[in-house]
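Source file: work.txt. Holds: compact mmCIF, C-alpha atoms.
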# COMPACT_ATOMS: atom_id res chain seq x y z
CA MET A 1 44.82 12.76 22.25
CA GLY A 2 45.13 12.07 18.55
CA GLU A 3 43.88 8.53 19.08
CA GLU A 4 40.86 9.87 20.99
CA ASN A 5 40.02 12.35 18.23
CA LYS A 6 40.24 9.60 15.68
CA LYS A 7 37.86 7.46 17.73
CA LEU A 8 35.41 10.39 18.09
CA LYS A 9 35.54 11.02 14.36
CA ILE A 10 34.66 7.38 13.61
CA ILE A 11 31.79 7.42 16.12
CA ARG A 12 30.42 10.70 14.73
CA LYS A 13 30.43 9.26 11.22
CA LYS A 14 28.72 6.07 12.38
CA LEU A 15 26.10 8.02 14.33
CA LYS A 16 25.24 10.17 11.31
CA VAL A 17 24.76 7.09 9.12
CA LEU A 18 22.60 5.45 11.79
CA LEU A 19 20.40 8.53 12.21
CA VAL A 20 19.80 8.93 8.49
CA ASP A 21 19.09 5.21 7.98
CA HIS A 22 16.91 4.57 11.00
CA LEU A 23 15.04 7.85 11.40
CA SER A 24 13.90 7.98 7.74
CA LEU A 25 15.48 11.40 7.23
CA GLU A 26 14.50 11.83 3.62
CA ASP A 27 16.73 13.86 1.34
CA ILE A 28 19.38 14.20 4.05
CA LYS A 29 22.78 12.57 3.66
CA PRO A 30 24.96 11.69 6.64
CA GLU A 31 27.51 14.27 5.55
CA ASP A 32 24.80 16.97 5.58
CA ILE A 33 24.54 16.75 9.37
CA LYS A 34 26.97 19.12 11.08
CA ASP A 35 28.80 17.90 14.16
CA ASP A 36 27.47 20.73 16.33
CA GLU A 37 23.99 21.00 14.74
CA ILE A 38 21.13 20.88 17.25
CA LEU A 39 19.36 17.58 16.64
CA PHE A 40 15.92 18.35 18.08
CA GLY A 41 13.47 21.14 17.34
CA GLU A 42 14.84 23.99 15.27
CA GLY A 43 18.00 22.15 14.21
CA LEU A 44 17.67 18.86 12.38
CA GLY A 45 14.01 18.80 13.40
CA LEU A 46 13.93 15.53 15.30
CA ASP A 47 11.08 14.90 17.73
CA SER A 48 10.29 12.79 20.78
CA LEU A 49 9.66 9.64 18.73
CA ASP A 50 13.13 10.02 17.24
CA ALA A 51 14.55 10.29 20.75
CA VAL A 52 13.14 6.85 21.56
CA GLU A 53 14.67 5.49 18.36
CA ILE A 54 18.06 6.97 19.29
CA VAL A 55 17.85 5.25 22.69
CA VAL A 56 17.30 1.95 20.85
CA LEU A 57 20.12 2.70 18.39
CA LEU A 58 22.58 3.37 21.22
CA GLN A 59 21.56 0.13 22.89
CA ARG A 60 21.85 -1.95 19.72
CA ASN A 61 25.02 -0.52 18.29
CA PHE A 62 27.05 0.56 21.31
CA GLY A 63 25.57 -1.46 24.18
CA LEU A 64 24.53 1.76 25.96
CA GLU A 65 21.37 2.36 27.95
CA VAL A 66 20.11 5.90 28.50
CA LYS A 67 17.58 5.76 31.32
CA ASP A 68 17.85 9.26 32.79
CA LEU A 69 15.77 11.56 30.56
CA ASN A 70 17.33 14.74 31.95
CA LYS A 71 20.75 13.39 31.12
CA GLY A 72 19.37 12.34 27.73
CA ARG A 73 18.64 15.97 26.86
CA GLU A 74 22.31 16.86 27.24
CA ILE A 75 23.52 13.74 25.48
CA PHE A 76 21.14 14.11 22.51
CA TYR A 77 21.91 17.80 21.95
CA SER A 78 24.14 17.28 18.91
CA ILE A 79 26.26 14.68 17.13
CA ASP A 80 29.24 16.02 19.12
CA THR A 81 27.56 15.41 22.49
CA LEU A 82 26.25 12.02 21.41
CA ALA A 83 29.66 10.92 20.14
CA LYS A 84 31.33 12.10 23.33
CA TYR A 85 28.85 10.12 25.43
CA VAL A 86 29.36 7.03 23.31
CA ALA A 87 33.15 7.30 23.42
CA GLU A 88 33.13 7.65 27.21
CA ASN A 89 30.66 4.88 27.96
CA MET A 90 30.87 2.44 25.11
CA ASP A 91 31.09 -1.21 26.02
CA GLU A 92 34.47 -2.28 24.66
CA LYS A 93 32.90 -5.36 23.09
CA ALA A 94 30.61 -3.13 21.02
CA GLU A 95 33.50 -1.16 19.55
CA MET B 1 -23.50 4.28 -3.25
CA ASN B 2 -21.90 6.60 -5.76
CA ILE B 3 -18.27 6.73 -6.77
CA GLN B 4 -17.27 10.40 -6.60
CA GLY B 5 -13.51 10.10 -6.84
CA ILE B 6 -10.79 7.53 -7.52
CA GLY B 7 -7.14 7.48 -6.43
CA ILE B 8 -4.93 4.70 -7.69
CA LEU B 9 -1.32 3.63 -7.43
CA SER B 10 -0.04 0.57 -9.22
CA GLY B 11 2.79 -0.66 -11.40
CA THR B 12 1.36 1.59 -14.13
CA GLY B 13 1.90 4.76 -12.13
CA ARG B 14 -0.04 7.11 -9.90
CA GLY B 15 -3.44 8.68 -10.52
CA ILE B 16 -6.61 7.76 -12.37
CA LYS B 17 -5.36 9.44 -15.57
CA SER B 18 -2.27 7.27 -15.56
CA PHE B 19 -4.45 4.18 -15.03
CA GLU B 20 -6.73 5.25 -17.87
CA GLN B 21 -3.75 5.63 -20.19
CA ALA B 22 -2.54 2.17 -19.18
CA LEU B 23 -5.96 0.74 -20.07
CA GLU B 24 -5.64 2.40 -23.47
CA ARG B 25 -2.15 1.02 -24.07
CA GLY B 26 -2.91 -2.60 -23.27
CA PRO B 27 -0.98 -5.24 -21.33
CA ALA B 28 2.10 -3.87 -19.58
CA THR B 29 5.57 -5.31 -19.27
CA PRO B 30 6.38 -6.31 -15.69
CA LYS B 31 9.67 -5.67 -13.93
CA VAL B 32 12.03 -8.40 -12.85
CA SER B 33 12.69 -9.08 -9.18
CA MET B 34 15.17 -11.35 -7.49
CA TYR B 35 13.48 -11.95 -4.15
CA SER B 36 16.32 -13.99 -2.76
CA PRO B 37 19.92 -13.39 -3.80
CA ALA B 38 20.66 -16.82 -2.31
CA THR B 39 18.60 -18.62 -4.95
CA ASN B 40 19.44 -16.20 -7.76
CA LYS B 41 15.93 -16.73 -9.05
CA GLU B 42 14.22 -13.93 -10.91
CA ILE B 43 10.46 -13.54 -11.23
CA PRO B 44 8.33 -10.96 -13.08
CA VAL B 45 6.38 -8.56 -10.86
CA PHE B 46 4.19 -5.50 -11.35
CA SER B 47 5.86 -3.41 -8.67
CA ILE B 48 5.70 0.30 -7.91
CA ASP B 49 8.77 2.48 -8.34
CA ASN B 50 9.96 3.89 -5.02
CA ALA B 51 10.19 7.33 -6.64
CA LEU B 52 6.38 7.28 -6.95
CA LEU B 53 6.08 6.96 -3.19
CA LYS B 54 7.64 10.34 -2.53
CA ASP B 55 5.39 13.36 -2.32
CA PRO B 56 6.56 16.13 0.00
CA LEU B 57 3.12 17.78 0.05
CA VAL B 58 0.94 14.75 0.78
CA LEU B 59 3.48 12.93 2.93
CA LYS B 60 4.83 15.99 4.76
CA SER B 61 3.95 14.54 8.16
CA SER B 62 4.47 10.91 7.16
CA ARG B 63 8.27 10.75 7.23
CA ARG B 64 8.23 7.48 9.16
CA ALA B 65 5.53 5.88 7.02
CA ASP B 66 6.50 2.56 5.47
CA ARG B 67 5.85 1.57 1.87
CA PHE B 68 2.42 0.09 2.70
CA CYS B 69 1.22 3.25 4.45
CA ARG B 70 2.62 5.53 1.75
CA MET B 71 0.72 3.67 -0.96
CA ALA B 72 -2.52 3.94 1.01
CA VAL B 73 -2.10 7.63 1.89
CA LEU B 74 -1.30 8.66 -1.68
CA ALA B 75 -4.26 6.74 -3.18
CA ALA B 76 -6.68 8.01 -0.52
CA TRP B 77 -5.49 11.60 -0.96
CA ASP B 78 -5.83 11.33 -4.75
CA ALA B 79 -9.37 9.91 -4.48
CA LEU B 80 -10.49 12.90 -2.45
CA ALA B 81 -8.69 15.32 -4.77
CA ASP B 82 -10.19 13.62 -7.85
CA SER B 83 -13.71 14.13 -6.48
CA GLY B 84 -13.22 17.88 -6.15
CA ILE B 85 -15.58 17.73 -3.15
CA LYS B 86 -14.86 19.85 -0.10
CA ILE B 87 -16.30 17.84 2.76
CA ARG B 88 -17.64 19.93 5.62
CA GLU B 89 -16.76 18.82 9.16
CA GLU B 90 -20.38 18.05 10.05
CA GLU B 91 -20.75 15.78 7.00
CA LYS B 92 -18.07 13.48 8.34
CA LEU B 93 -15.75 11.41 6.17
CA GLY B 94 -15.33 7.75 7.10
CA VAL B 95 -12.21 5.79 6.17
CA ILE B 96 -12.07 2.04 5.51
CA VAL B 97 -8.80 0.38 4.54
CA ALA B 98 -9.09 -3.18 3.22
CA THR B 99 -6.14 -5.48 2.81
CA ALA B 100 -5.37 -9.15 2.30
CA PHE B 101 -1.96 -9.22 3.98
CA GLY B 102 -1.47 -5.86 5.72
CA PRO B 103 1.99 -4.32 6.19
CA HIS B 104 3.61 -7.77 6.25
CA LYS B 105 7.03 -6.43 5.23
CA THR B 106 7.16 -4.30 8.37
CA THR B 107 5.69 -7.11 10.44
CA PHE B 108 8.50 -9.44 9.33
CA ASN B 109 11.01 -6.65 9.94
CA PHE B 110 9.67 -6.36 13.50
CA LEU B 111 10.05 -10.11 14.04
CA ASP B 112 13.58 -9.99 12.59
CA ASN B 113 14.34 -7.18 15.07
CA ILE B 114 13.32 -9.41 17.97
CA LEU B 115 15.52 -12.23 16.69
CA ASP B 116 18.48 -9.94 16.01
CA TYR B 117 18.40 -7.64 19.03
CA GLY B 118 16.03 -9.15 21.60
CA ASP B 119 12.64 -7.79 22.53
CA ALA B 120 14.10 -4.96 24.64
CA ALA B 121 15.84 -3.37 21.67
CA VAL B 122 13.12 -3.52 19.05
CA SER B 123 12.49 -0.29 17.21
CA PRO B 124 9.26 1.25 18.55
CA THR B 125 8.63 2.86 15.18
CA ILE B 126 8.77 -0.49 13.41
CA PHE B 127 6.42 -1.96 16.01
CA SER B 128 3.88 0.82 15.58
CA HIS B 129 3.92 0.32 11.80
CA SER B 130 3.58 -3.45 11.99
CA VAL B 131 -0.10 -3.22 12.94
CA HIS B 132 -2.65 -3.28 10.13
CA ASN B 133 -4.37 -0.08 11.22
CA ALA B 134 -1.26 2.10 10.72
CA ALA B 135 -2.22 3.01 7.16
CA ALA B 136 -5.71 4.14 8.18
CA SER B 137 -4.18 6.29 10.92
CA TYR B 138 -1.85 7.98 8.45
CA ILE B 139 -4.77 8.64 6.08
CA THR B 140 -6.90 10.26 8.78
CA SER B 141 -3.94 12.32 9.88
CA ALA B 142 -3.04 13.47 6.36
CA LEU B 143 -6.66 14.34 5.51
CA ASN B 144 -7.62 15.51 9.01
CA THR B 145 -10.82 13.47 8.96
CA GLN B 146 -13.24 13.33 11.90
CA GLY B 147 -15.43 10.34 10.95
CA PRO B 148 -15.29 6.62 11.76
CA VAL B 149 -12.20 4.64 10.77
CA SER B 150 -11.65 0.93 10.30
CA THR B 151 -9.21 -1.53 8.76
CA LEU B 152 -10.50 -4.82 7.39
CA THR B 153 -8.20 -7.74 6.77
CA ASP B 154 -9.62 -10.60 4.77
CA PHE B 155 -7.69 -13.09 2.66
CA CYS B 156 -10.31 -13.60 -0.04
CA PHE B 157 -12.69 -10.65 -0.17
CA PRO B 158 -11.29 -7.58 1.62
CA PHE B 159 -12.81 -5.01 -0.75
CA HIS B 160 -16.25 -6.65 -0.69
CA GLU B 161 -16.33 -6.65 3.09
CA ALA B 162 -15.24 -3.02 3.14
CA LEU B 163 -18.06 -2.13 0.75
CA ARG B 164 -20.55 -3.81 3.06
CA LEU B 165 -19.26 -1.77 5.99
CA ALA B 166 -19.29 1.48 4.01
CA GLU B 167 -22.90 0.92 3.05
CA ALA B 168 -23.82 0.32 6.70
CA TRP B 169 -22.08 3.50 7.83
CA ILE B 170 -23.78 5.61 5.20
CA ASN B 171 -27.22 4.05 5.82
CA GLN B 172 -26.85 4.56 9.56
CA GLY B 173 -25.89 8.19 8.98
CA ARG B 174 -22.54 7.77 10.71
CA CYS B 175 -20.98 9.66 7.82
CA GLN B 176 -22.03 11.14 4.53
CA TYR B 177 -18.92 10.13 2.64
CA VAL B 178 -16.60 7.14 2.93
CA LEU B 179 -13.11 6.74 1.58
CA ILE B 180 -12.80 3.04 0.93
CA GLY B 181 -9.80 1.34 -0.57
CA THR B 182 -7.47 -1.62 -0.75
CA VAL B 183 -3.73 -1.77 -0.33
CA ASP B 184 -1.30 -4.65 -0.63
CA GLU B 185 2.43 -4.67 -1.14
CA LEU B 186 5.10 -6.90 -2.58
CA SER B 187 8.15 -7.87 -0.58
CA PRO B 188 10.77 -10.61 -0.79
CA ALA B 189 8.58 -12.69 1.55
CA MET B 190 5.46 -12.19 -0.58
CA GLU B 191 7.35 -12.93 -3.79
CA TYR B 192 8.67 -16.12 -2.22
CA ILE B 193 5.15 -17.13 -1.16
CA CYS B 194 3.77 -16.39 -4.64
CA ASP B 195 6.61 -18.38 -6.18
CA GLN B 196 5.90 -21.35 -3.93
CA LYS B 197 2.10 -21.25 -3.88
CA CYS B 198 1.19 -19.90 -7.32
CA ASP B 199 2.37 -20.75 -10.79
CA ILE B 200 4.22 -17.64 -11.97
CA ASN B 201 4.28 -17.03 -15.69
CA GLU B 202 7.98 -16.57 -16.33
CA GLU B 203 7.36 -14.52 -19.47
CA GLY B 204 5.35 -12.04 -17.40
CA LYS B 205 2.11 -12.69 -19.24
CA MET B 206 -1.29 -13.07 -17.62
CA LYS B 207 -3.93 -15.12 -19.38
CA PRO B 208 -7.26 -14.41 -17.66
CA PHE B 209 -9.49 -16.05 -20.26
CA GLU B 210 -7.81 -19.45 -20.36
CA PHE B 211 -9.93 -20.73 -17.43
CA SER B 212 -7.14 -23.18 -16.69
CA ASP B 213 -6.95 -25.55 -13.76
CA LYS B 214 -3.29 -24.57 -13.55
CA ALA B 215 -3.65 -20.81 -13.88
CA GLN B 216 -0.56 -18.64 -13.93
CA THR B 217 0.01 -15.22 -12.44
CA VAL B 218 2.40 -12.28 -12.22
CA PRO B 219 2.35 -10.83 -8.69
CA GLY B 220 1.38 -7.18 -8.33
CA GLU B 221 1.02 -4.51 -5.68
CA GLY B 222 -0.75 -1.24 -5.23
CA SER B 223 -3.52 0.74 -3.65
CA VAL B 224 -6.83 2.07 -4.94
CA PHE B 225 -9.30 4.26 -3.08
CA PHE B 226 -12.80 5.45 -3.88
CA LEU B 227 -14.72 8.35 -2.40
CA LEU B 228 -18.26 7.04 -1.96
CA SER B 229 -21.38 9.07 -1.27
CA LYS B 230 -25.07 8.34 -0.79
CA ASN B 231 -27.00 6.87 -3.67
CA GLU B 232 -29.36 9.82 -4.06
CA GLU B 233 -26.62 12.23 -5.07
CA ASN B 234 -25.27 12.75 -8.57
CA THR B 235 -22.30 10.61 -9.40
CA LYS B 236 -19.01 11.49 -11.01
CA TYR B 237 -18.31 7.94 -12.16
CA CYS B 238 -21.02 5.37 -11.46
CA ARG B 239 -22.97 3.60 -8.74
CA ILE B 240 -21.45 0.68 -6.86
CA LYS B 241 -23.05 -2.05 -4.77
CA ARG B 242 -21.96 -5.32 -3.27
CA LYS B 243 -24.27 -8.14 -4.36
CA ASN B 244 -24.68 -11.74 -3.40
CA GLU B 245 -25.63 -13.06 -6.80
CA ALA B 246 -24.70 -12.01 -10.30
CA ALA B 247 -27.64 -10.57 -12.19
CA VAL B 248 -27.82 -9.75 -15.87
CA ALA B 249 -24.91 -7.59 -16.94
CA ASP B 250 -23.57 -6.07 -20.14
CA MET B 251 -20.10 -7.05 -19.06
CA PHE B 252 -18.58 -9.42 -16.53
CA ILE B 253 -15.20 -8.58 -15.06
CA LEU B 254 -13.59 -11.86 -14.12
CA GLU B 255 -11.00 -11.57 -11.39
CA SER B 256 -9.15 -14.50 -12.88
CA ASP B 257 -5.62 -13.33 -12.16
CA GLY B 258 -3.97 -16.63 -11.26
CA MET B 259 -4.03 -16.08 -7.51
CA ILE B 260 -6.16 -19.17 -7.16
CA THR B 261 -4.77 -22.08 -9.13
CA ASP B 262 -8.01 -23.52 -10.49
CA GLU B 263 -9.84 -20.93 -12.60
CA THR B 264 -12.17 -23.32 -14.40
CA VAL B 265 -14.94 -21.98 -12.18
CA TYR B 266 -14.94 -18.71 -14.17
CA LYS B 267 -15.83 -20.61 -17.35
CA GLN B 268 -19.51 -20.71 -16.42
CA LEU B 269 -19.70 -16.91 -16.96
CA ASP B 270 -18.51 -17.35 -20.53
CA THR B 271 -22.00 -17.77 -22.00
CA GLY B 272 -21.59 -15.40 -24.91
CA ASP B 273 -24.34 -13.09 -23.62
CA ALA B 274 -22.00 -10.53 -22.10
CA ASN B 275 -18.49 -9.41 -22.89
CA LEU B 276 -15.80 -10.61 -20.47
CA PHE B 277 -13.10 -8.29 -19.20
CA ASN B 278 -9.94 -8.45 -17.08
CA ALA B 279 -7.36 -5.68 -16.75
CA SER B 280 -4.95 -7.50 -14.44
CA PRO B 281 -2.25 -7.58 -17.19
CA ILE B 282 -1.51 -3.98 -16.17
CA PHE B 283 -1.43 -4.29 -12.37
CA GLY B 284 -0.81 -7.99 -11.76
CA GLY B 285 -2.30 -10.62 -9.55
CA MET B 286 -3.37 -9.62 -6.04
CA MET B 287 -5.77 -11.05 -3.49
CA SER B 288 -7.14 -7.52 -3.08
CA SER B 289 -7.42 -6.74 -6.78
CA THR B 290 -11.19 -6.08 -6.78
CA GLY B 291 -10.65 -2.36 -6.26
CA PHE B 292 -8.52 -2.15 -9.42
CA HIS B 293 -11.16 -4.02 -11.42
CA CYS B 294 -13.83 -1.68 -10.07
CA ALA B 295 -11.72 1.31 -11.12
CA SER B 296 -11.59 -0.12 -14.66
CA ALA B 297 -15.36 -0.60 -14.62
CA ALA B 298 -15.96 2.92 -13.30
CA LEU B 299 -13.87 4.39 -16.11
CA MET B 300 -15.74 2.40 -18.75
CA LEU B 301 -19.13 3.49 -17.39
CA LYS B 302 -18.04 7.12 -17.07
CA ASN B 303 -16.41 7.28 -20.50
CA ASP B 304 -19.09 5.18 -22.16
CA ARG B 305 -16.57 2.90 -23.80
CA ILE B 306 -14.80 -0.46 -23.57
CA TYR B 307 -11.05 -0.80 -23.18
CA SER B 308 -11.07 -3.51 -25.77
CA LYS B 309 -7.46 -4.68 -25.25
CA PHE B 310 -8.63 -6.30 -22.02
CA ALA B 311 -11.94 -7.67 -23.30
CA GLN B 312 -12.31 -11.28 -24.31
CA ASP B 313 -14.19 -10.15 -27.38
CA GLN B 314 -11.70 -7.58 -28.62
CA ASN B 315 -13.96 -6.64 -31.47
CA SER B 316 -15.85 -4.53 -29.01
CA HIS B 317 -17.35 -2.33 -31.69
CA ALA B 318 -19.74 -5.22 -32.11
CA ARG B 319 -20.79 -4.75 -28.51
CA ASN B 320 -22.61 -1.83 -26.98
CA SER B 321 -20.70 0.12 -24.37
CA PRO B 322 -21.85 -1.24 -21.03
CA ASP B 323 -24.50 0.32 -18.79
CA ASN B 324 -23.94 -2.18 -16.01
CA ILE B 325 -20.87 -4.21 -15.16
CA VAL B 326 -20.53 -7.03 -12.68
CA SER B 327 -17.16 -7.91 -11.20
CA VAL B 328 -16.96 -11.52 -10.01
CA LYS B 329 -14.30 -12.96 -7.76
CA TYR B 330 -13.96 -16.58 -6.73
CA CYS B 331 -11.70 -17.69 -3.92
CA CYS B 332 -9.91 -20.97 -3.25
CA ASN B 333 -12.97 -22.67 -1.73
CA ARG B 334 -15.09 -21.55 -4.69
CA ASN B 335 -16.95 -18.98 -2.60
CA LYS B 336 -17.69 -15.95 -4.70
CA ALA B 337 -18.28 -12.26 -4.17
CA ILE B 338 -19.79 -9.79 -6.57
CA VAL B 339 -19.71 -6.05 -7.07
CA ARG B 340 -22.21 -4.43 -9.38
CA LEU B 341 -21.43 -1.09 -11.01
CA THR B 342 -24.09 0.81 -12.95
CA LYS B 343 -24.39 4.15 -14.70
Target format structure tokens, applied to this file:
Amino acid sequence: MGEENKKLKIIRKKLKVLLVDHLSLEDIKPEDIKDDEILFGEGLGLDSLDAVEIVVLLQRNFGLEVKDLNKGREIFYSIDTLAKYVAENMDEKAE
Amino acid sequence: MNIQGIGILSGTGRGIKSFEQALERGPATPKVSMYSPATNKEIPVFSIDNALLKDPLVLKSSRRADRFCRMAVLAAWDALADSGIKIREEEKLGVIVATAFGPHKTTFNFLDNILDYGDAAVSPTIFSHSVHNAAASYITSALNTQGPVSTLTDFCFPFHEALRLAEAWINQGRCQYVLIGTVDELSPAMEYICDQKCDINEEGKMKPFEFSDKAQTVPGEGSVFFLLSKNEENTKYCRIKRKNEAAVADMFILESDGMITDETVYKQLDTGDANLFNASPIFGGMMSSTGFHCASAALMLKNDRIYSKFAQDQNSHARNSPDNIVSVKYCCNRNKAIVRLTK
């Protein structure tokens, strides 16, 4: 369990850095994003174009493809849900 | 056409006031850039500080905009603000963006993405910004314009071609006002190209009146926009027209900034009849530098004075302040293009 938490923590940190770097989130630092903060709309304020970028980021960095948009809504809810999805599905080679 | 407003962003700063102050001060000191850490080579460049490209008000819906688009949006916004004109929807505002190289940094980034990740994992945002028309789209979005929009890419004479198009739009009644401007950026790729293709003055000094066959340059970047209106209206700065041949002028602006190696062709304008002028020592050498030269001319005509630190005859008290100025640009094949600015 401890090992899994450690892995999740690393993925969360990596995801925050990727979002800030690749989504041009000006004046936001990775550490400013809370683990349970809503990413789209009222939360961090991401939009549909950002969602497409996140799909690409997951593919590039974790070897994951998100094709089901309905599932995407649940996965992209927060850093916590994203990290959980990555941890459960990540290609071992991409780790 | 009349120049009703100017927005400008260059190594000297942002805004027409900042450009005017730079003209007062005289030649600027360029920054130093190491375009490739592998070669460890440093070259002087007139580059824009990244801090200047942040403006939460103007760029509030341009979060994804790259450096190229940001430069264009800020200059276009400032040109409209400088005019003080509130354009009614029915008057229509056209937008023409002219560039020599377009958003090449993003274009190379897009190509790198394909090489690094394969074409299925290329960032869609980078792709959408790699097209030359992205800057024009951002401008129309930021200013909420409803008129015609175009981007012109031309290696030698982008600003001249844009002026021709603006004149056609206004004469055809497609719009009453046109925002016309140039934008070009520096990048490691562009600095490498300049280093290979041009002779860069390592001391960072430009010598526009040497008329050398081995002219030197200091690469620059920036964006300048003009709000143009019909000729019949009053003008805030001056009138501007693209011409095919140079007529009599009180002053010739020579666009001899070292971007073409052989500048001996400019020597024929040195007849002693008119003062010669070149302000590129404040913004650097650029293929699309005509807009910056026109901004210098517009300020001289408006303020009824000569910025003598950039005149060949620096004893400009001996010369009358100009009523008409002709900016002349030659390209590699010795073709030339002319812009005439009059009071």
Kindly list the centre and edge lengths in Å, rounded to one decimal, for the axis-aligned box that covers all listed atoms of range 73-89 of chain A plus 6 Å on each of its six sides, as JSON.
{"center_x": 25.9, "center_y": 11.3, "center_z": 22.5, "size_x": 26.5, "size_y": 24.9, "size_z": 22.8}
Fill in: Option closest in space to chain A, from B:Leu341, B:Ile306, B:Ala120, B:Leu301 [counting only C-alpha atoms]
B:Ala120
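Nearest residue to Gly5 in chain B among B:Thr235, B:Ser288, B:Ser141, B:Thr264 is B:Thr235, counting only C-alpha atoms.
Counting from CA of His132 in chain B, the distance to CA of Val183 in chain B is 10.6 Å.
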Worksheet item: Using all atoms listed in the file, which of the listed residues (B:Asp213, B:Asp273, B:Ala100, B:Cys238) sits closest to Asn303 in chain B?
Response: B:Cys238
Worksheet item: Given a cut-off of 7 Å, which residues of chain B touch chain A, counting only C-alpha atoms, written out as a count of residues only?
Response: 6
